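Participant: Enclosed is the structure file my_file.txt (compact mmCIF, C-alpha atoms and all ligand atoms).
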```
# COMPACT_ATOMS: atom_id res chain seq x y z
CA MET A 1 96.90 -65.09 35.15
CA ASN A 2 96.94 -68.10 32.83
CA ASP A 3 93.19 -67.95 32.47
CA PHE A 4 93.44 -64.34 31.41
CA ILE A 5 96.01 -65.10 28.74
CA ASP A 6 93.98 -67.97 27.38
CA GLU A 7 90.86 -65.87 27.17
CA LYS A 8 92.72 -63.18 25.32
CA GLN A 9 94.28 -65.62 22.88
CA GLU A 10 90.90 -67.22 22.33
CA MET A 11 89.43 -63.86 21.47
CA TYR A 12 92.23 -63.18 18.99
CA GLN A 13 91.64 -66.62 17.49
CA ALA A 14 87.94 -65.89 17.07
CA LEU A 15 88.96 -62.76 15.13
CA GLY A 16 91.25 -64.74 12.83
CA ILE A 17 94.69 -64.42 14.47
CA GLY A 18 96.53 -67.76 14.45
CA ARG A 19 98.76 -69.09 17.22
CA GLU A 20 102.08 -68.31 15.51
CA VAL A 21 101.22 -64.69 14.77
CA TYR A 22 99.85 -64.28 18.29
CA GLN A 23 102.99 -65.61 19.94
CA PHE A 24 105.37 -63.72 17.68
CA CYS A 25 103.55 -60.44 18.37
CA GLU A 26 103.21 -61.02 22.11
CA ASN A 27 106.95 -61.58 22.33
CA VAL A 28 107.69 -58.34 20.52
CA TRP A 29 105.24 -56.49 22.74
CA GLU A 30 106.93 -57.88 25.90
CA GLY A 31 110.17 -56.28 24.79
CA LEU A 32 108.57 -52.87 24.34
CA LYS A 33 106.94 -52.37 27.70
CA SER A 34 109.55 -50.08 29.23
CA ARG A 35 109.54 -47.92 26.13
CA PHE A 36 105.77 -47.72 26.30
CA GLU A 37 106.05 -46.50 29.89
CA ARG A 38 108.01 -43.49 28.64
CA ILE A 39 105.28 -42.77 26.09
CA ASP A 40 102.73 -42.88 28.90
CA GLU A 41 104.87 -40.36 30.80
CA THR A 42 104.66 -37.93 27.89
CA ALA A 43 100.91 -38.54 27.62
CA GLU A 44 100.50 -37.84 31.33
CA TYR A 45 102.38 -34.54 31.02
CA ASN A 46 100.39 -33.50 27.97
CA GLN A 47 97.11 -34.54 29.56
CA LEU A 48 97.84 -32.18 32.45
CA LYS A 49 98.84 -29.45 29.99
CA VAL A 50 95.43 -29.69 28.31
CA ILE A 51 93.46 -29.84 31.59
CA ARG A 52 95.38 -26.83 32.88
CA ALA A 53 94.57 -24.87 29.71
CA MET A 54 90.88 -25.77 30.08
CA GLN A 55 90.78 -24.75 33.74
CA GLU A 56 92.70 -21.51 33.21
CA ASN A 57 90.18 -20.46 30.60
CA ARG A 58 87.19 -21.47 32.75
CA VAL A 59 85.66 -23.91 30.28
CA SER A 60 82.03 -24.29 31.33
CA GLU A 61 79.04 -26.34 30.26
CA ALA A 62 77.82 -23.34 28.27
CA CYS A 63 80.96 -23.64 26.09
CA LEU A 64 79.67 -26.97 24.76
CA TYR A 65 76.60 -25.39 23.17
CA SER A 66 76.15 -24.50 19.54
CA SER A 67 75.72 -21.37 17.44
CA SER A 68 74.20 -20.81 14.01
CA GLY A 69 74.04 -18.09 11.37
CA TYR A 70 76.84 -15.53 11.76
CA GLY A 71 77.96 -17.14 14.99
CA TYR A 72 78.50 -13.83 16.80
CA ASN A 73 79.57 -14.20 20.45
CA ASP A 74 80.02 -17.96 20.28
CA LEU A 75 81.36 -18.49 23.81
CA GLY A 76 82.38 -22.08 23.12
CA ARG A 77 84.36 -21.20 20.00
CA ASP A 78 86.10 -18.20 21.55
CA THR A 79 86.97 -20.10 24.73
CA LEU A 80 88.26 -23.09 22.77
CA GLU A 81 90.57 -20.77 20.87
CA ALA A 82 91.84 -19.44 24.21
CA VAL A 83 92.39 -23.05 25.35
CA TYR A 84 94.48 -23.85 22.26
CA ALA A 85 96.47 -20.64 22.77
CA SER A 86 97.13 -21.57 26.43
CA ALA A 87 98.06 -25.19 25.69
CA PHE A 88 100.46 -24.22 22.90
CA HIS A 89 101.71 -21.08 24.69
CA THR A 90 100.75 -18.63 21.95
CA GLU A 91 99.13 -15.21 21.89
CA ASP A 92 96.16 -16.28 19.81
CA ALA A 93 94.47 -19.18 18.01
CA LEU A 94 92.03 -19.87 15.21
CA VAL A 95 90.28 -23.26 15.62
CA ARG A 96 87.40 -23.65 13.23
CA PRO A 97 85.12 -26.18 11.54
CA GLN A 98 85.20 -23.87 8.49
CA ILE A 99 88.80 -24.98 7.95
CA ALA A 100 88.18 -28.00 5.72
CA CYS A 101 91.45 -29.88 6.24
CA GLY A 102 95.16 -29.46 6.97
CA THR A 103 95.96 -28.19 3.49
CA HIS A 104 93.28 -25.53 3.86
CA ALA A 105 94.66 -24.43 7.24
CA LEU A 106 98.14 -24.08 5.75
CA ALA A 107 96.80 -22.26 2.67
CA VAL A 108 94.91 -19.79 4.88
CA ALA A 109 97.95 -19.13 7.09
CA LEU A 110 100.15 -18.57 4.04
CA ALA A 111 97.75 -16.48 1.95
CA GLY A 112 96.77 -14.42 5.01
CA ASN A 113 100.34 -13.45 5.78
CA LEU A 114 101.99 -13.12 2.36
CA ARG A 115 101.55 -10.20 -0.05
CA PRO A 116 102.53 -9.72 -3.71
CA GLY A 117 106.30 -9.38 -3.98
CA ASP A 118 106.95 -11.45 -0.85
CA GLU A 119 108.92 -14.67 -0.94
CA LEU A 120 108.07 -17.93 0.81
CA PHE A 121 111.00 -20.12 1.79
CA SER A 122 111.21 -23.81 2.77
CA PRO A 123 114.60 -24.71 4.32
CA VAL A 124 113.60 -28.40 4.71
CA GLY A 125 112.99 -29.40 1.11
CA LYS A 126 109.80 -30.01 -0.81
CA PRO A 127 106.63 -29.59 1.25
CA TYR A 128 103.69 -32.02 1.45
CA ASP A 129 102.24 -32.90 -1.97
CA THR A 130 99.04 -30.88 -1.66
CA LEU A 131 101.06 -27.74 -0.83
CA GLU A 132 102.65 -27.82 -4.28
CA GLU A 133 99.46 -26.49 -5.82
CA VAL A 134 98.87 -24.01 -2.99
CA ILE A 135 102.31 -22.51 -3.55
CA GLY A 136 102.28 -22.95 -7.32
CA ILE A 137 105.24 -25.34 -7.57
CA ARG A 138 102.76 -27.25 -9.73
CA PRO A 139 100.75 -24.59 -11.58
CA SER A 140 97.23 -24.25 -10.22
CA ASN A 141 94.43 -21.68 -10.38
CA GLY A 142 94.56 -19.43 -7.34
CA SER A 143 98.05 -20.45 -6.24
CA LEU A 144 100.30 -18.03 -4.34
CA ALA A 145 102.43 -17.81 -7.50
CA GLU A 146 99.46 -16.32 -9.37
CA TYR A 147 99.40 -13.53 -6.79
CA GLY A 148 103.05 -12.70 -7.35
CA ILE A 149 104.41 -14.55 -4.33
CA THR A 150 107.65 -16.31 -5.15
CA TYR A 151 108.95 -19.52 -3.61
CA ARG A 152 112.40 -20.82 -2.81
CA GLN A 153 113.55 -24.06 -1.23
CA VAL A 154 116.74 -25.59 0.13
CA ASP A 155 116.83 -29.36 0.48
CA LEU A 156 118.16 -31.20 3.50
CA LEU A 157 121.64 -32.63 3.06
CA ALA A 158 122.02 -36.32 2.23
CA ASP A 159 122.44 -37.22 5.92
CA GLY A 160 119.23 -35.39 6.84
CA SER A 161 120.95 -32.36 8.38
CA PHE A 162 120.16 -28.72 7.56
CA ASP A 163 122.10 -27.12 4.73
CA TYR A 164 122.93 -24.01 6.76
CA GLU A 165 125.22 -22.52 4.15
CA ASN A 166 122.57 -22.51 1.42
CA ILE A 167 119.82 -21.54 3.84
CA LYS A 168 121.81 -18.41 4.68
CA LYS A 169 122.26 -17.65 0.97
CA ALA A 170 118.56 -18.17 0.23
CA ILE A 171 117.25 -15.68 2.79
CA ASN A 172 116.96 -12.27 1.15
CA GLU A 173 115.13 -8.95 1.50
CA LYS A 174 111.94 -10.49 -0.01
CA THR A 175 111.82 -13.47 2.37
CA LYS A 176 108.69 -12.92 4.45
CA LEU A 177 107.71 -16.35 5.72
CA VAL A 178 109.66 -19.53 6.33
CA THR A 179 107.67 -22.78 6.27
CA ILE A 180 109.04 -25.74 8.21
CA GLN A 181 107.32 -29.11 7.86
CA ARG A 182 107.86 -31.19 10.99
CA SER A 183 106.66 -34.57 9.72
CA LYS A 184 108.36 -36.31 6.83
CA GLY A 185 104.90 -36.98 5.39
CA TYR A 186 105.37 -39.51 2.61
CA GLN A 187 109.02 -38.72 1.97
CA THR A 188 112.06 -40.59 3.21
CA ARG A 189 113.74 -37.72 5.05
CA PRO A 190 113.69 -37.90 8.85
CA THR A 191 110.90 -36.18 10.78
CA LEU A 192 112.20 -33.15 12.66
CA SER A 193 112.29 -33.19 16.44
CA VAL A 194 111.16 -30.07 18.27
CA LYS A 195 114.79 -29.57 19.30
CA ARG A 196 115.95 -29.53 15.67
CA ILE A 197 113.17 -27.11 14.78
CA GLN A 198 114.42 -24.89 17.61
CA GLU A 199 117.96 -24.89 16.18
CA LEU A 200 116.70 -24.10 12.70
CA ILE A 201 114.46 -21.23 13.83
CA ALA A 202 117.27 -19.74 15.94
CA PHE A 203 119.60 -19.82 12.92
CA ILE A 204 117.02 -18.18 10.66
CA LYS A 205 116.03 -15.48 13.18
CA ASP A 206 119.68 -14.66 13.65
CA ILE A 207 119.89 -13.83 9.95
CA LYS A 208 116.49 -12.14 9.68
CA PRO A 209 114.74 -11.46 13.00
CA ASP A 210 111.43 -10.24 11.55
CA VAL A 211 110.80 -13.22 9.26
CA ILE A 212 107.69 -15.27 10.16
CA CYS A 213 108.61 -18.86 11.06
CA MET A 214 105.65 -21.17 10.47
CA VAL A 215 105.61 -24.88 11.33
CA ASP A 216 103.37 -27.41 9.60
CA ASN A 217 102.74 -29.49 12.73
CA CYS A 218 100.52 -32.16 11.11
CA TYR A 219 100.94 -35.54 12.90
CA GLY A 220 103.26 -33.96 15.48
CA GLU A 221 100.96 -32.68 18.22
CA PHE A 222 101.49 -34.25 21.67
CA VAL A 223 104.21 -36.64 20.48
CA GLU A 224 106.69 -34.68 22.62
CA LYS A 225 106.27 -32.55 25.73
CA LEU A 226 107.19 -29.39 23.83
CA GLU A 227 105.66 -28.09 20.62
CA PRO A 228 107.31 -25.88 17.98
CA THR A 229 105.59 -22.79 19.46
CA ASP A 230 107.52 -23.45 22.70
CA VAL A 231 110.81 -23.03 20.82
CA GLY A 232 110.32 -19.96 18.67
CA ALA A 233 107.73 -20.74 15.97
CA ASP A 234 105.58 -17.68 15.21
CA LEU A 235 102.81 -19.75 13.66
CA MET A 236 101.87 -23.42 13.95
CA VAL A 237 99.25 -25.16 11.85
CA GLY A 238 97.51 -28.54 11.88
CA SER A 239 94.46 -30.63 11.10
CA LEU A 240 91.76 -31.65 13.58
CA ILE A 241 91.20 -35.00 11.88
CA LYS A 242 94.75 -35.82 12.91
CA ASN A 243 96.27 -35.65 16.41
CA PRO A 244 94.63 -32.66 18.18
CA GLY A 245 91.07 -33.68 17.27
CA GLY A 246 91.57 -36.83 19.34
CA GLY A 247 89.48 -38.81 16.85
CA LEU A 248 86.30 -37.02 17.89
CA ALA A 249 86.50 -33.80 15.85
CA PRO A 250 84.51 -34.51 12.67
CA ILE A 251 86.25 -31.72 10.68
CA GLY A 252 88.48 -28.71 11.23
CA GLY A 253 91.91 -27.20 11.45
CA TYR A 254 93.86 -24.87 13.71
CA ILE A 255 96.30 -21.98 13.36
CA VAL A 256 98.04 -20.73 16.53
CA GLY A 257 100.75 -18.15 17.07
CA LYS A 258 101.42 -14.41 17.31
CA LYS A 259 98.22 -12.39 17.43
CA GLU A 260 98.94 -10.37 14.30
CA TYR A 261 99.62 -13.44 12.17
CA VAL A 262 96.62 -15.38 13.46
CA GLU A 263 94.41 -12.37 12.77
CA ASN A 264 95.78 -12.09 9.25
CA ALA A 265 94.83 -15.73 8.74
CA ALA A 266 91.32 -15.08 10.12
CA PHE A 267 90.82 -12.18 7.68
CA ARG A 268 91.62 -14.60 4.89
CA LEU A 269 89.48 -17.46 6.24
CA THR A 270 86.33 -15.36 6.64
CA SER A 271 86.73 -11.87 5.23
CA PRO A 272 88.76 -8.70 5.69
CA GLY A 273 87.07 -6.77 8.49
CA LEU A 274 85.21 -9.77 9.87
CA GLY A 275 88.10 -12.05 10.85
CA LYS A 276 87.47 -14.11 13.98
CA GLU A 277 84.13 -12.42 14.78
CA VAL A 278 82.04 -14.68 12.55
CA GLY A 279 81.85 -18.42 11.96
CA ALA A 280 79.10 -20.49 13.58
CA THR A 281 80.11 -23.77 15.18
CA LEU A 282 76.97 -25.77 14.27
CA GLY A 283 77.27 -28.19 17.15
CA VAL A 284 80.93 -29.20 16.91
CA ASN A 285 82.14 -27.47 20.07
CA GLN A 286 81.67 -30.46 22.34
CA SER A 287 83.59 -32.83 20.07
CA PHE A 288 86.38 -30.25 19.62
CA TYR A 289 86.79 -29.90 23.39
CA GLN A 290 86.44 -33.57 24.16
CA GLY A 291 88.75 -34.56 21.31
CA PHE A 292 91.44 -32.11 22.46
CA PHE A 293 91.06 -33.49 25.98
CA LEU A 294 91.57 -37.08 24.72
CA ALA A 295 94.29 -36.23 22.19
CA PRO A 296 97.35 -36.82 24.43
CA THR A 297 96.32 -40.42 25.20
CA VAL A 298 95.06 -41.11 21.68
CA VAL A 299 98.41 -39.95 20.28
CA ALA A 300 100.19 -42.21 22.80
CA GLY A 301 98.20 -45.21 21.51
CA ALA A 302 99.03 -44.36 17.90
CA LEU A 303 102.72 -43.98 18.79
CA LYS A 304 102.78 -47.37 20.48
CA GLY A 305 101.20 -48.90 17.39
CA ALA A 306 103.83 -47.35 15.13
CA ILE A 307 106.67 -48.61 17.34
CA PHE A 308 105.10 -52.07 17.63
CA ALA A 309 104.82 -52.35 13.85
CA ALA A 310 108.37 -51.13 13.34
CA ASN A 311 109.67 -53.81 15.68
CA ILE A 312 107.54 -56.61 14.22
CA TYR A 313 108.53 -55.95 10.63
CA GLU A 314 112.13 -55.10 11.44
CA LYS A 315 112.46 -58.45 13.18
CA LEU A 316 111.18 -60.10 10.01
CA GLY A 317 113.95 -58.44 8.00
CA PHE A 318 112.11 -55.54 6.35
CA SER A 319 113.37 -52.00 6.21
CA VAL A 320 111.25 -49.79 8.48
CA ILE A 321 111.32 -45.99 8.75
CA PRO A 322 111.73 -44.90 11.51
CA ASN A 323 113.51 -48.04 12.74
CA GLY A 324 112.42 -50.03 15.76
CA SER A 325 114.50 -48.18 18.33
CA GLU A 326 114.91 -44.55 17.25
CA SER A 327 113.08 -41.69 18.91
CA ARG A 328 109.75 -40.53 17.47
CA HIS A 329 108.59 -37.09 16.43
CA ASP A 330 105.39 -37.96 14.56
CA ILE A 331 103.00 -40.93 14.37
CA ILE A 332 103.76 -42.15 10.81
CA GLN A 333 105.39 -45.51 10.18
CA ALA A 334 106.70 -46.75 6.83
CA VAL A 335 107.49 -50.38 6.03
CA GLU A 336 109.26 -51.30 2.79
CA PHE A 337 108.12 -54.66 1.50
CA GLY A 338 109.79 -54.72 -1.91
CA ASN A 339 106.83 -56.40 -3.64
CA PRO A 340 103.24 -55.39 -4.40
CA GLU A 341 101.63 -58.55 -2.95
CA SER A 342 102.86 -57.72 0.55
CA VAL A 343 101.66 -54.12 0.34
CA ILE A 344 98.22 -55.38 -0.64
CA ALA A 345 98.14 -58.07 2.07
CA PHE A 346 99.21 -55.54 4.72
CA CYS A 347 96.44 -53.12 3.79
CA LYS A 348 93.83 -55.90 3.66
CA GLY A 349 94.84 -56.80 7.22
CA ILE A 350 94.45 -53.24 8.51
CA GLN A 351 91.02 -53.03 6.86
CA ALA A 352 89.94 -56.41 8.27
CA ALA A 353 90.70 -55.16 11.80
CA ALA A 354 88.60 -51.98 11.48
CA PRO A 355 85.50 -51.22 13.55
CA VAL A 356 83.73 -49.82 10.44
CA ASP A 357 83.74 -51.45 6.98
CA SER A 358 85.83 -54.42 8.16
CA TYR A 359 84.15 -56.67 5.54
CA VAL A 360 85.33 -54.44 2.67
CA ASP A 361 88.22 -55.83 0.65
CA PRO A 362 90.46 -52.95 -0.49
CA GLU A 363 92.05 -53.13 -3.94
CA PRO A 364 94.66 -50.90 -5.64
CA TRP A 365 93.14 -48.27 -7.91
CA ASP A 366 94.18 -45.38 -10.11
CA MET A 367 93.48 -42.53 -7.68
CA PRO A 368 93.41 -38.99 -9.08
CA GLY A 369 96.55 -37.06 -8.21
CA TYR A 370 98.81 -40.11 -7.91
CA ASP A 371 101.27 -41.36 -10.50
CA SER A 372 100.71 -45.05 -9.69
CA ASP A 373 97.89 -47.26 -8.42
CA VAL A 374 97.36 -46.88 -4.69
CA ILE A 375 95.76 -49.21 -2.15
CA MET A 376 94.20 -47.65 0.93
CA ALA A 377 92.88 -49.19 4.10
CA ALA A 378 90.61 -47.26 6.41
CA GLY A 379 87.66 -48.21 8.48
CA ALA A 380 87.15 -44.89 10.13
CA PHE A 381 84.32 -43.18 11.99
CA VAL A 382 85.35 -39.91 10.33
CA GLN A 383 86.02 -40.01 6.58
CA GLY A 384 89.73 -39.85 5.83
CA SER A 385 90.65 -39.43 9.48
CA SER A 386 94.26 -40.45 9.85
CA ILE A 387 94.40 -40.36 13.65
CA GLU A 388 92.27 -43.48 13.19
CA LEU A 389 94.15 -46.61 12.12
CA SER A 390 94.78 -46.24 8.40
CA ALA A 391 97.31 -47.30 5.78
CA ASP A 392 98.11 -46.60 2.19
CA GLY A 393 100.53 -48.09 -0.24
CA PRO A 394 101.47 -46.78 -3.67
CA ILE A 395 101.95 -49.77 -5.97
CA LYS A 396 105.44 -48.83 -7.15
CA PRO A 397 109.00 -49.46 -5.94
CA PRO A 398 110.11 -49.65 -3.16
CA TYR A 399 106.62 -51.03 -2.42
CA ALA A 400 106.29 -49.35 0.95
CA VAL A 401 103.20 -48.91 3.08
CA TYR A 402 102.69 -45.82 5.18
CA PHE A 403 100.44 -46.19 8.10
CA GLN A 404 99.41 -44.22 11.13
CA GLY A 405 96.86 -43.82 13.86
CA GLY A 406 94.75 -46.00 16.02
CA LEU A 407 92.34 -44.43 18.48
CA THR A 408 93.46 -46.97 21.05
CA TRP A 409 96.69 -48.92 21.40
CA GLU A 410 94.66 -52.11 21.59
CA HIS A 411 93.13 -51.48 18.18
CA ALA A 412 96.46 -50.49 16.63
CA LYS A 413 97.97 -53.71 17.98
CA PHE A 414 95.15 -55.84 16.60
CA GLY A 415 95.41 -54.14 13.20
CA ILE A 416 99.11 -54.82 12.96
CA MET A 417 98.64 -58.44 14.07
CA MET A 418 96.00 -58.83 11.37
CA SER A 419 98.36 -57.38 8.74
CA LEU A 420 100.94 -59.98 9.70
CA GLN A 421 98.30 -62.72 9.65
CA LYS A 422 97.39 -61.80 6.04
CA LEU A 423 101.05 -61.80 5.01
CA GLN A 424 101.56 -65.20 6.61
CA GLU A 425 98.47 -66.68 4.99
CA LYS A 426 99.78 -65.62 1.57
CA GLY A 427 103.15 -67.20 2.32
CA LEU A 428 104.86 -63.78 2.18
CA VAL A 429 106.55 -64.13 5.57
CA SER A 430 107.62 -67.10 7.65
CA LEU A 431 107.56 -66.77 11.41
C1 LIG B 1 98.16 -34.35 6.42
C2 LIG B 1 99.19 -33.33 6.17
C3 LIG B 1 98.89 -32.11 5.57
C4 LIG B 1 97.50 -31.70 5.16
O1 LIG B 1 96.74 -32.70 4.67
P1 LIG B 1 95.15 -32.72 4.57
O2 LIG B 1 94.93 -34.05 3.96
O3 LIG B 1 94.74 -31.59 3.71
O4 LIG B 1 94.58 -32.61 5.93
C5 LIG B 1 99.92 -31.21 5.40
N1 LIG B 1 101.16 -31.50 5.80
C6 LIG B 1 101.49 -32.66 6.40
C7 LIG B 1 102.89 -32.91 6.83
C8 LIG B 1 100.51 -33.62 6.61
O5 LIG B 1 100.82 -34.76 7.21
```
Would it be possible to restate this file's structure as structure tokens?
Ligand SMILES: *Cc1c(COP(=O)(O)O)cnc(C)c1O

Facilitator:
Amino acid sequence: MNDFIDEKQEMYQALGIGREVYQFCENVWEGLKSRFERIDETAEYNQLKVIRAMQENRVSEACLYSSSGYGYNDLGRDTLEAVYASAFHTEDALVRPQIACGTHALAVALAGNLRPGDELFSPVGKPYDTLEEVIGIRPSNGSLAEYGITYRQVDLLADGSFDYENIKKAINEKTKLVTIQRSKGYQTRPTLSVKRIQELIAFIKDIKPDVICMVDNCYGEFVEKLEPTDVGADLMVGSLIKNPGGGLAPIGGYIVGKKEYVENAAFRLTSPGLGKEVGATLGVNQSFYQGFFLAPTVVAGALKGAIFAANIYEKLGFSVIPNGSESRHDIIQAVEFGNPESVIAFCKGIQAAAPVDSYVDPEPWDMPGYDSDVIMAAGAFVQGSSIELSADGPIKPPYAVYFQGGLTWEHAKFGIMMSLQKLQEKGLVSL
């Protein structure tokens, strides 16, 4: 046993982790083991859920092959969509490499199901930044607003609860689709549990039964045993370079839900009349299947990393969101450092622990679309993949870093240890 520990510590030392950081982190990890067992329980359940969906739909070797051109009769694509529909308990699914990212998937679901004169409603406050231009909250060419689709929003109350009174007032005869973002994204509101989403949908359907309830499920898949589609969501949307791609999908997005709404989205993604019938898979089928198969355990590793980081930095006196002990409904972790040097050191540590581009030294820069300099750390196999260990920090108060991912718990742990090592070397923390 002792030998094993020494070997491990030696290996960490060779990678630049000093004795103090090692011991501090090992102690925190010791205290988390029973919590990690519960995460493994969820992963086990979700692993079986995915295997069952694959078996029920008779996934075969032929499904792993490729199509080109129009992609008519792509067995792998059509079966994969049936697998997603089974796993998420929906009537239908659209899972495509032609969906460029999460924003695109959401834009397709919205534009496919809304018509001029309809109103879109968010009862959980402002949606993810990139959706502002899709909706037209920030004017943009081609936005829903340009097509005569109006938008209304009700913010969460100060304590994070739903503002039921104003939600009721906001729903009117034009309200066609309600968009509910599960993850807090880069805001400070709490992430919604599946149970809270259930309560919200029930309330809304009670007022207007035929309204379409859509959930932006980005970063939420497989964190719990149930998904929003198990509790009343008519549509659920996400990105394959986040949780459900399992780190292997090189591109893509998904839209699952009621058949009519998924079909409407497909007519928008490809073309009216063509819908789901076209769209070649160009060799991605195998990585889509294999990534979905791995996703439950990959998400478990990312969750453990987020909880580990929360506990490390909480113990050092920083404000962490979510905190070290609260329950989790997505894989994002925020740490407020209060000064730019710590944000930079943290991100340099995450980068230094990466399997790809570990020698690159990230610096803050004036990224388009942001109102301050931003530093980003990523050493990913897939560009921009945020199921892989990644972090970014806007260089402005409260000087917080947001980080997520880790294809394995072991890598997430090493990345967080390296972030602490960099902070310690700069004299920004004392252990
Ligand atoms: C990531 C994300 C999106 C979409 O982002 P893309 O970068 O376009 O994939 C939308 N909503 C939430 C909550 C997200 O986390």

Participant: Compile the contact shell of A:Lys168 as a PyMOL selection string: residues with an atom at most 10 Å away, counting all atoms listed in the file, same-chain residues fewer than 2 positions apart removed.

Facilitator: chain A and resi 123+154+163-166+170-172+203-204+206-208

Participant: For the selection just defined, write its residues with C-alpha atoms to a file, as an mmCIF file, in the frame of the given file.

Facilitator:
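Saved as part_17.cif:
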```cif
data_model
loop_
_atom_site.group_PDB
_atom_site.id
_atom_site.type_symbol
_atom_site.label_atom_id
_atom_site.label_comp_id
_atom_site.auth_asym_id
_atom_site.auth_seq_id
_atom_site.Cartn_x
_atom_site.Cartn_y
_atom_site.Cartn_z
ATOM 1 C CA PRO A 123 114.600 -24.710 4.320
ATOM 2 C CA VAL A 154 116.740 -25.590 0.130
ATOM 3 C CA ASP A 163 122.100 -27.120 4.730
ATOM 4 C CA TYR A 164 122.930 -24.010 6.760
ATOM 5 C CA GLU A 165 125.220 -22.520 4.150
ATOM 6 C CA ASN A 166 122.570 -22.510 1.420
ATOM 7 C CA ALA A 170 118.560 -18.170 0.230
ATOM 8 C CA ILE A 171 117.250 -15.680 2.790
ATOM 9 C CA ASN A 172 116.960 -12.270 1.150
ATOM 10 C CA PHE A 203 119.600 -19.820 12.920
ATOM 11 C CA ILE A 204 117.020 -18.180 10.660
ATOM 12 C CA ASP A 206 119.680 -14.660 13.650
ATOM 13 C CA ILE A 207 119.890 -13.830 9.950
ATOM 14 C CA LYS A 208 116.490 -12.140 9.680
#
```

Participant: Would you tabulate, counting all atoms listed in the file, all residues of chain A that have an atom at most 10 Å from an atom of ligand LIG 1 (chain B), showing the closest pair of atoms and their distance in Å to one decimal, sorted by chain then ascending number, as CSV?

Facilitator:
```
residue,atom,partner,partner_atom,distance
A:Ile99,CA,B:LIG1,O4,9.8
A:Ala100,CA,B:LIG1,O3,7.7
A:Cys101,CA,B:LIG1,O4,4.2
A:Gly102,CA,B:LIG1,O4,3.4
A:Thr103,CA,B:LIG1,O3,3.6
A:His104,CA,B:LIG1,O3,6.2
A:Ala105,CA,B:LIG1,O3,8.0
A:Leu106,CA,B:LIG1,C5,7.4
A:Ala107,CA,B:LIG1,O3,9.6
A:Pro127,CA,B:LIG1,N1,7.4
A:Tyr128,CA,B:LIG1,N1,5.1
A:Asp129,CA,B:LIG1,C5,7.9
A:Thr130,CA,B:LIG1,O3,6.9
A:Leu131,CA,B:LIG1,C5,7.2
A:Ile180,CA,B:LIG1,C7,9.5
A:Gln181,CA,B:LIG1,C7,5.9
A:Arg182,CA,B:LIG1,C7,6.7
A:Ser183,CA,B:LIG1,C7,5.0
A:Lys184,CA,B:LIG1,C7,6.4
A:Gly185,CA,B:LIG1,C7,4.8
A:Tyr186,CA,B:LIG1,O5,8.0
A:Gln187,CA,B:LIG1,C7,9.7
A:Thr191,CA,B:LIG1,C7,9.5
A:Val215,CA,B:LIG1,C7,9.6
A:Asp216,CA,B:LIG1,N1,6.0
A:Asn217,CA,B:LIG1,C7,6.8
A:Cys218,CA,B:LIG1,O5,4.7
A:Tyr219,CA,B:LIG1,O5,5.7
A:Gly220,CA,B:LIG1,O5,8.7
A:Val237,CA,B:LIG1,C5,8.9
A:Gly238,CA,B:LIG1,C3,7.4
A:Ser239,CA,B:LIG1,O4,5.5
A:Leu240,CA,B:LIG1,O4,8.2
A:Ile241,CA,B:LIG1,O4,7.2
A:Lys242,CA,B:LIG1,C1,7.5
A:Ile251,CA,B:LIG1,O4,9.6
A:Gly252,CA,B:LIG1,O4,9.0
A:Gly253,CA,B:LIG1,O4,8.2
A:Asp330,CA,B:LIG1,O5,9.2
A:Ile331,CA,B:LIG1,O5,9.7
A:Ile332,CA,B:LIG1,O5,8.7
A:Gly384,CA,B:LIG1,O2,8.0
A:Ser385,CA,B:LIG1,O4,8.6
A:Ser386,CA,B:LIG1,C1,8.0
```

Participant: If I put a ball of radius 10 Å at (107.9, -42.8, 26.9) in the file's coordinates, which residues poke into it when counting all atoms listed in the file, written as a list in words?

Facilitator: Lys33, Ser34, Arg35, Phe36, Glu37, Arg38, Ile39, Asp40, Glu41, Thr42, Ala43, Glu44, Val223, Glu224, Ala300, Leu303, Lys304, Ser327 and Arg328 of chain A

Participant: Which residue gives the smallest distance to A:Ser161 among A:Ala87, A:Leu110, A:Cys213, A:Val124, with all atoms listed in the file counted?

Facilitator: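 Among A:Ala87, A:Leu110, A:Cys213, A:Val124, it is A:Val124 that comes nearest to A:Ser161.
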
Participant: Using only C-alpha atoms, find the one residue out of A:Gln333, A:Ser372, A:Gln351, A:Ser342 that sits nearest to A:Lys396.

Facilitator: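 The shortest atom-to-atom distance to A:Lys396 comes from A:Ser372.
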
Participant: Could you name the residues that touch A:Ala82 at 7 Å or less, counting only C-alpha atoms, but leaving out those on the same chain fewer than 2 positions away, as an mmCIF file with C-alpha atoms, in the coordinates of the input?

Facilitator:
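Result saved to result34.cif:
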```
data_model
loop_
_atom_site.group_PDB
_atom_site.id
_atom_site.type_symbol
_atom_site.label_atom_id
_atom_site.label_comp_id
_atom_site.auth_asym_id
_atom_site.auth_seq_id
_atom_site.Cartn_x
_atom_site.Cartn_y
_atom_site.Cartn_z
ATOM 1 C CA ASN A 57 90.180 -20.460 30.600
ATOM 2 C CA ASP A 78 86.100 -18.200 21.550
ATOM 3 C CA THR A 79 86.970 -20.100 24.730
ATOM 4 C CA LEU A 80 88.260 -23.090 22.770
ATOM 5 C CA TYR A 84 94.480 -23.850 22.260
ATOM 6 C CA ALA A 85 96.470 -20.640 22.770
ATOM 7 C CA SER A 86 97.130 -21.570 26.430
ATOM 8 C CA ASP A 92 96.160 -16.280 19.810
ATOM 9 C CA ALA A 93 94.470 -19.180 18.010
#
```

Participant: Counting all atoms listed in the file, figure out which residue out of A:Leu274, A:Leu420, A:Ala280, A:Val320 gets nearest to A:Ile344.

Facilitator: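 Result for the nearest residue to A:Ile344: A:Leu420.
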